[in-house]
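Written out below as structure tokens is the structure these notes cover.
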Amino acid sequence: MAQTEEYSAPVKLGLIGAGLAFKRLHLPALTALKGYFRITAVCDIAPETLSESTRLAADLNKANFGEESEIRTYSGYRELLQDNEVEAVLISLPIHLNAEVMQDAALAGKHLICEKPLASNLAQGRKLAPVLESLAATKGLAIEIAENYHYRPELAIARRWAFEEKLLGEVVIITAQNFVRMDTSQGYAATAWRIDNQYRGGILMDGGIHYIAMLRRLAGEVEQVHAFARHMHKTATSSPDTISINLRFRSGTLGNMIYTGASPNLLPPRDQPDCIIYGTQGQIQLSKKNDARLLLQAFDAWQPTGFKEAQYWAAETSSYYEEFLNFYEAIRFGKPVLASPTECLHDLELMCAALDSAEERAVKLL
Ligand SMILES: NC(=O)c1ccc[n+]([C@@H]2O[C@H](COP(=O)([O-])OP(=O)(O)OC[C@H]3O[C@@H](n4cnc5c(N)ncnc54)[C@H](O)[C@@H]3O)[C@@H](O)[C@H]2O)c1
């Protein structure tokens with residue numbers, strides 16, 4: 001398609017919920033994507049957050065476009081959805097509110113990118129995903145779930161090395177682990193809606209779902225899941241906060257995932273990769289700390305170190321940058337959305353199967 005002025009024009013973006021995720025995660029990505037998005041409206045029910053984030057949005061517009069711009073502010077999202085100066089919305093509300101607002105935004109004809117998970121529970125997700133897909137098709141909308149782990153740039157490379165080029169021989173098992181600092185005195189863990197969570201799974205759904213997305217993106221669909229869970233940090237959430245999940249992928253590869261928010265002091269060993277793919281002839285270590293990077297090591301038992309060769313790869317962009325780039329290209333060029341509602345419904349299904357397994361003490365088939 002020819003690149004007309006309209007096609008390369010910035011997308012006029014409205015924010016619905018402009019708290020920590022916007023300030024810490026989205027703002028740096030929108031800054032790096034210089035000129036792709038212009039924020040035209042902000043909605044938040046907290047007056048202080050509304051004014052602070054509107055100021056940050058104005059600074060972003062000034063940096064990107066070199067001029068002052070008008071940003072309309074709203075305390076009710078339905079009014080923002082009526083604003084003709086808003087083409088697309090970025091929804092970052094407490095998890096239990098995202099689903100309804102997504103549907104209303106799509107019905108109002110706005111392209112939308114909404115924070116993960118897709119929904120508060122499986123029943124809601126199963127109803128919502130087809131509605132969003134159908135609105136996307138009939139109204140020509142880009143609808144994306146901001147599950148940034150689907151966009152970790154190193155995952156596509158690791159998947160290619162391991163499963164297409166078979167640089168590790170046969171993949172045997174993939175392990176993933178993450179330890180979150182559940183410090184309820186500040187930051188994410190201090191938000192009231194996380195402590196009194198009105199969605200299934202607490203921190204496991206909020207943060208653990210990223211690792212589910214990562215494992216699916218690396219190794220495909222899962223056919224069996226078995227999990228054990230514990231609830232350790234009673235003041236941080238009313239749900240289990242620690243889970244150990246065993247997986248069998250349809251390909252035969254096995255998987256194991258550990259995720260915990262049990263304590264602010266429970267930390268992994270320094271520089272430990274958050275995922276390792278083990279094959280019969282080598283391994284790939286994935287790390288997301290500092291810069292996203294991969295280390296591939298091919299085994300050779302006859303070498304003194306046990307490793308024959310190493311190959312490094314480091315990402316130049318962040319997963320947040322990539323998710324907004326996909327959103328822009330979906331709106332302006334009709335590119336497919338990677339983290340579609342259907343894709344993220346599969347993440348939700350797997351997370352819920354793991355939670356069911358832990359509750360019912362049973363192996364679940366998918
Ligand atoms: N992808 C990631 O790495 C990541 C990290 C953190 C959070 N998130 C996601 O981002 C979303 C928001 O999380 P957060 O940490 O920014 O929470 P937050 O509490 O900091 O922000 C939510 C904002 O929504 C506002 N709000 C609440 N109800 C509203 C309403 N009815 N209308 C308008 N505004 C309303 C609140 O005032 C608050 O400012 C969640 O879905 C969460 O899962 C994603």
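Every chain in the structure tokens has a letter given in the order shown (A, B, ...), and although residue numbers restart at 1 in each chain, ligands are simply numbered from 1 in the order shown.
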- Message: Show me which residues are within 6 Å of ligand 1 counting only C-alpha atoms and all ligand atoms, and format the list as a PyMOL selection string.
- Response: chain A and resi 16-21+43-46+49+76-77+92-95+115-116+147-148+188+191+206
Could you dump the residues just selected with N, CA and C atoms as a tab-separated table (two decimals), in the first residue's frame?
chain	number	residue	atom	x	y	z
A	16	ILE	N	-7.25	5.56	28.94
A	16	ILE	CA	-8.30	5.27	29.92
A	16	ILE	C	-7.63	4.51	31.06
A	17	GLY	N	-7.43	5.20	32.18
A	17	GLY	CA	-6.61	4.68	33.28
A	17	GLY	C	-5.17	5.04	32.97
A	18	ALA	N	-4.62	5.93	33.79
A	18	ALA	CA	-3.27	6.43	33.47
A	18	ALA	C	-2.38	6.37	34.71
A	19	GLY	N	-2.38	5.19	35.36
A	19	GLY	CA	-1.61	5.00	36.58
A	19	GLY	C	-0.20	4.49	36.32
A	20	LEU	N	0.21	3.50	37.11
A	20	LEU	CA	1.60	3.05	37.08
A	20	LEU	C	2.02	2.47	35.74
A	21	ALA	N	1.17	1.64	35.14
A	21	ALA	CA	1.57	1.00	33.87
A	21	ALA	C	1.82	2.08	32.82
A	43	CYS	N	-8.24	9.97	30.56
A	43	CYS	CA	-9.32	9.74	31.53
A	43	CYS	C	-8.77	8.97	32.71
A	44	ASP	N	-9.02	9.49	33.91
A	44	ASP	CA	-8.70	8.74	35.13
A	44	ASP	C	-9.63	9.26	36.23
A	45	ILE	N	-10.11	8.34	37.08
A	45	ILE	CA	-11.03	8.81	38.14
A	45	ILE	C	-10.27	9.47	39.29
A	46	ALA	N	-8.97	9.26	39.38
A	46	ALA	CA	-8.21	9.89	40.48
A	46	ALA	C	-7.69	11.25	39.99
A	49	THR	N	-3.85	11.70	39.66
A	49	THR	CA	-3.26	10.90	38.57
A	49	THR	C	-3.63	11.54	37.23
A	76	GLY	N	-14.85	10.32	33.31
A	76	GLY	CA	-15.68	9.16	32.91
A	76	GLY	C	-15.24	8.69	31.53
A	77	TYR	N	-15.00	7.37	31.38
A	77	TYR	CA	-14.45	6.92	30.10
A	77	TYR	C	-15.46	7.00	28.96
A	92	SER	N	-5.71	0.92	30.61
A	92	SER	CA	-4.85	0.36	31.66
A	92	SER	C	-5.54	0.54	33.00
A	93	LEU	N	-6.63	-0.16	33.16
A	93	LEU	CA	-7.45	-0.05	34.37
A	93	LEU	C	-7.15	-1.23	35.29
A	94	PRO	N	-7.62	-1.19	36.54
A	94	PRO	CA	-7.57	-2.40	37.36
A	94	PRO	C	-8.16	-3.57	36.58
A	95	ILE	N	-7.57	-4.75	36.74
A	95	ILE	CA	-7.89	-5.90	35.88
A	95	ILE	C	-9.39	-6.15	35.74
A	115	GLU	N	-4.41	-3.47	28.50
A	115	GLU	CA	-3.50	-4.26	29.33
A	115	GLU	C	-4.04	-5.67	29.60
A	116	LYS	N	-3.13	-6.58	29.85
A	116	LYS	CA	-3.45	-7.96	30.17
A	116	LYS	C	-3.94	-8.08	31.60
A	147	GLU	N	-0.18	-7.77	26.11
A	147	GLU	CA	0.59	-8.83	26.78
A	147	GLU	C	1.99	-8.73	26.20
A	148	ASN	N	2.83	-7.96	26.88
A	148	ASN	CA	4.12	-7.61	26.30
A	148	ASN	C	5.04	-8.82	26.11
A	188	TYR	N	3.45	-1.33	42.45
A	188	TYR	CA	2.32	-2.16	41.99
A	188	TYR	C	1.63	-2.90	43.14
A	191	THR	N	-1.18	-1.23	45.25
A	191	THR	CA	-2.47	-0.76	44.72
A	191	THR	C	-3.61	-1.56	45.36
A	206	ASP	N	-2.13	-11.84	37.44
A	206	ASP	CA	-1.60	-10.52	37.07
A	206	ASP	C	-0.20	-10.64	36.45
Mind dumping a table of every region 202-249 of chain A residue within 12 Å of region 179-184 of chain A, with the nearest atom pair and its distance in Å to one decimal, using only C-alpha atoms, sorted by chain and rising number, as a tab-separated table?
residue	atom	partner	partner_atom	distance
A:Gly202	CA	A:Met182	CA	11.8
A:Ile203	CA	A:Val180	CA	9.0
A:Leu204	CA	A:Val180	CA	10.3
A:Asp206	CA	A:Val180	CA	11.1
A:Gly207	CA	A:Val180	CA	8.3
A:Gly208	CA	A:Val180	CA	9.6
A:Tyr211	CA	A:Phe179	CA	11.4
A:Met232	CA	A:Met182	CA	10.9
A:His233	CA	A:Met182	CA	8.1
A:Lys234	CA	A:Thr184	CA	10.8
A:Thr235	CA	A:Thr184	CA	7.8
A:Ala236	CA	A:Thr184	CA	6.1
A:Thr237	CA	A:Thr184	CA	9.6
A:Asp241	CA	A:Met182	CA	9.5
A:Thr242	CA	A:Phe179	CA	9.1
A:Ile243	CA	A:Phe179	CA	10.7
A:Ser244	CA	A:Phe179	CA	12.0
Go ahead and save the residues from that selection, with N, CA, C and O atoms, as a PDB file, in the first residue's frame.
ATOM      1  N   GLY A 202      -5.219 -13.596  41.598  1.00  0.00           N
ATOM      2  CA  GLY A 202      -4.316 -12.611  42.209  1.00  0.00           C
ATOM      3  C   GLY A 202      -3.048 -12.376  41.398  1.00  0.00           C
ATOM      4  O   GLY A 202      -3.090 -12.239  40.180  1.00  0.00           O
ATOM      5  N   ILE A 203      -1.910 -12.366  42.088  1.00  0.00           N
ATOM      6  CA  ILE A 203      -0.627 -12.091  41.429  1.00  0.00           C
ATOM      7  C   ILE A 203      -0.300 -13.135  40.354  1.00  0.00           C
ATOM      8  O   ILE A 203       0.401 -12.856  39.378  1.00  0.00           O
ATOM      9  N   LEU A 204      -0.821 -14.353  40.529  1.00  0.00           N
ATOM     10  CA  LEU A 204      -0.524 -15.401  39.540  1.00  0.00           C
ATOM     11  C   LEU A 204      -1.174 -15.067  38.202  1.00  0.00           C
ATOM     12  O   LEU A 204      -0.606 -15.314  37.131  1.00  0.00           O
ATOM     13  N   ASP A 206      -2.126 -11.839  37.437  1.00  0.00           N
ATOM     14  CA  ASP A 206      -1.596 -10.518  37.069  1.00  0.00           C
ATOM     15  C   ASP A 206      -0.198 -10.642  36.453  1.00  0.00           C
ATOM     16  O   ASP A 206       0.071 -10.131  35.363  1.00  0.00           O
ATOM     17  N   GLY A 207       0.706 -11.353  37.145  1.00  0.00           N
ATOM     18  CA  GLY A 207       2.097 -11.439  36.674  1.00  0.00           C
ATOM     19  C   GLY A 207       2.443 -12.786  36.059  1.00  0.00           C
ATOM     20  O   GLY A 207       3.183 -12.871  35.081  1.00  0.00           O
ATOM     21  N   GLY A 208       1.880 -13.868  36.634  1.00  0.00           N
ATOM     22  CA  GLY A 208       2.216 -15.214  36.147  1.00  0.00           C
ATOM     23  C   GLY A 208       1.785 -15.413  34.703  1.00  0.00           C
ATOM     24  O   GLY A 208       2.422 -16.166  33.954  1.00  0.00           O
ATOM     25  N   TYR A 211       4.374 -15.335  31.965  1.00  0.00           N
ATOM     26  CA  TYR A 211       5.241 -16.507  31.747  1.00  0.00           C
ATOM     27  C   TYR A 211       4.516 -17.610  30.973  1.00  0.00           C
ATOM     28  O   TYR A 211       5.125 -18.348  30.201  1.00  0.00           O
ATOM     29  N   MET A 232       1.240 -17.513  50.593  1.00  0.00           N
ATOM     30  CA  MET A 232       2.214 -17.210  51.643  1.00  0.00           C
ATOM     31  C   MET A 232       2.043 -15.790  52.197  1.00  0.00           C
ATOM     32  O   MET A 232       2.070 -15.576  53.387  1.00  0.00           O
ATOM     33  N   HIS A 233       1.916 -14.812  51.276  1.00  0.00           N
ATOM     34  CA  HIS A 233       1.963 -13.404  51.663  1.00  0.00           C
ATOM     35  C   HIS A 233       0.527 -12.920  51.846  1.00  0.00           C
ATOM     36  O   HIS A 233      -0.077 -12.361  50.940  1.00  0.00           O
ATOM     37  N   LYS A 234      -0.008 -13.134  53.054  1.00  0.00           N
ATOM     38  CA  LYS A 234      -1.450 -12.957  53.269  1.00  0.00           C
ATOM     39  C   LYS A 234      -1.908 -11.500  53.134  1.00  0.00           C
ATOM     40  O   LYS A 234      -3.076 -11.237  52.888  1.00  0.00           O
ATOM     41  N   THR A 235      -1.008 -10.532  53.303  1.00  0.00           N
ATOM     42  CA  THR A 235      -1.455  -9.140  53.207  1.00  0.00           C
ATOM     43  C   THR A 235      -1.411  -8.612  51.776  1.00  0.00           C
ATOM     44  O   THR A 235      -1.979  -7.563  51.482  1.00  0.00           O
ATOM     45  N   ALA A 236      -0.735  -9.312  50.865  1.00  0.00           N
ATOM     46  CA  ALA A 236      -0.575  -8.784  49.506  1.00  0.00           C
ATOM     47  C   ALA A 236      -1.752  -9.122  48.604  1.00  0.00           C
ATOM     48  O   ALA A 236      -2.078  -8.366  47.690  1.00  0.00           O
ATOM     49  N   THR A 237      -2.382 -10.251  48.822  1.00  0.00           N
ATOM     50  CA  THR A 237      -3.511 -10.663  47.986  1.00  0.00           C
ATOM     51  C   THR A 237      -4.285 -11.747  48.727  1.00  0.00           C
ATOM     52  O   THR A 237      -3.746 -12.392  49.634  1.00  0.00           O
ATOM     53  N   ASP A 241      -0.154 -17.124  45.923  1.00  0.00           N
ATOM     54  CA  ASP A 241       0.830 -16.232  45.303  1.00  0.00           C
ATOM     55  C   ASP A 241       2.042 -16.992  44.782  1.00  0.00           C
ATOM     56  O   ASP A 241       2.986 -16.396  44.276  1.00  0.00           O
ATOM     57  N   THR A 242       2.026 -18.303  44.936  1.00  0.00           N
ATOM     58  CA  THR A 242       3.193 -19.097  44.562  1.00  0.00           C
ATOM     59  C   THR A 242       2.705 -20.346  43.845  1.00  0.00           C
ATOM     60  O   THR A 242       1.793 -21.009  44.343  1.00  0.00           O
ATOM     61  N   ILE A 243       3.301 -20.617  42.685  1.00  0.00           N
ATOM     62  CA  ILE A 243       2.814 -21.781  41.939  1.00  0.00           C
ATOM     63  C   ILE A 243       3.984 -22.492  41.263  1.00  0.00           C
ATOM     64  O   ILE A 243       4.960 -21.857  40.836  1.00  0.00           O
ATOM     65  N   SER A 244       3.876 -23.798  41.220  1.00  0.00           N
ATOM     66  CA  SER A 244       4.824 -24.604  40.448  1.00  0.00           C
ATOM     67  C   SER A 244       3.977 -25.405  39.458  1.00  0.00           C
ATOM     68  O   SER A 244       3.075 -26.141  39.868  1.00  0.00           O
TER      69      SER A 244
END
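Counting from CA of Val86 (chain A), the distance to CA of Lys12 (chain A) is 5.3 Å.
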Using only C-alpha atoms, what table do you get, as JSON lines, when you list each residue of region 72-108 of chain A with an atom no more than 8 Å from region 117-121 of chain A, its nearest pair of atoms, and their distance in Å rounded to one decimal, rows by chain then rising number?
{"residue": "A:Ile95", "atom": "CA", "partner": "A:Ser120", "partner_atom": "CA", "distance": 6.4}
{"residue": "A:His96", "atom": "CA", "partner": "A:Ser120", "partner_atom": "CA", "distance": 5.3}
{"residue": "A:Asn98", "atom": "CA", "partner": "A:Ala119", "partner_atom": "CA", "distance": 7.1}
{"residue": "A:Ala99", "atom": "CA", "partner": "A:Ala119", "partner_atom": "CA", "distance": 5.6}
Keeping only C-alpha atoms, write the selected residues to a file as a short mmCIF file (atom, residue, chain, number, x, y, z; two decimals), in the first residue's frame.
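Saved the output as out_38.cif:
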data_model
loop_
_atom_site.label_atom_id
_atom_site.label_comp_id
_atom_site.auth_asym_id
_atom_site.auth_seq_id
_atom_site.Cartn_x
_atom_site.Cartn_y
_atom_site.Cartn_z
CA ILE A 95 -7.89 -5.90 35.88
CA HIS A 96 -11.56 -6.40 36.80
CA ASN A 98 -10.73 -3.82 31.57
CA ALA A 99 -13.19 -6.20 29.86
#
- Message: Measuring between only C-alpha atoms, which one of A:Tyr321, A:Glu223, A:Asp356, A:Asp59 shows the shortest distance to Ala29 (chain A)?
- Response: A:Tyr321
- strand (DSSP E or B) per DSSP on the backbone: members of region 122-270 of chain A, as number ranges by chain: A: 143-146, 171-179, 222-230, 242-249, 254-260
- Message: Would you compute the distance between CA of Val337 (chain A) and CA of Leu60 (chain A)? Give it in Å to one decimal.
- Response: 25.1 Å
- Leaving out Tyr328 (chain A) and any residue of its chain fewer than 2 positions from it, which residues lie within 12 Å of it when counting only C-alpha atoms, given as a PyMOL selection string? chain A and resi 7-13+30+33-38+87-90+111-113+141-144+321-326+330-337
- Atomic separation - CA of Tyr312 (chain A) relative to CA of Gln297 (chain A), Å: 9.0 Å
- Query: So which residues of region 10-165 of chain A fall under alpha helix (DSSP H) by DSSP, listed as a VMD selection string?
  - Reply: chain A and resid 20 27 to 32 47 to 65 77 to 81 95 to 107 122 to 139 153 to 159
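Counting only C-alpha atoms, the residue from A:Pro273, A:Gly14, A:Gly66, A:Gly282 that sits nearest to Gln177 (chain A) is A:Pro273.
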- Task: Considering only C-alpha atoms, return as a PyMOL selection string whatever protein or nucleic-acid residues lie within 9 Å of region 122-125 of chain A, sequence-local ones (same chain, fewer than 2 positions apart) excluded.
- Result: chain A and resi 99+118-120+127-130+200+341+344-345+348-349+352
- Message: Give me, as JSON, numbers by chain, all polymer residues having an atom no more than 10 Å from Ala298 (chain A), counting only C-alpha atoms and skipping those fewer than 4 positions away in the same chain.
- Response: {"A": [167, 168, 169, 279, 280, 281, 282, 283, 284, 306, 307, 308, 309, 310, 311]}
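Across A:Cys275, A:Met214, A:Trp193, A:Pro268, the tightest approach to Ser238 (chain A) is made by A:Trp193 when counting only C-alpha atoms.
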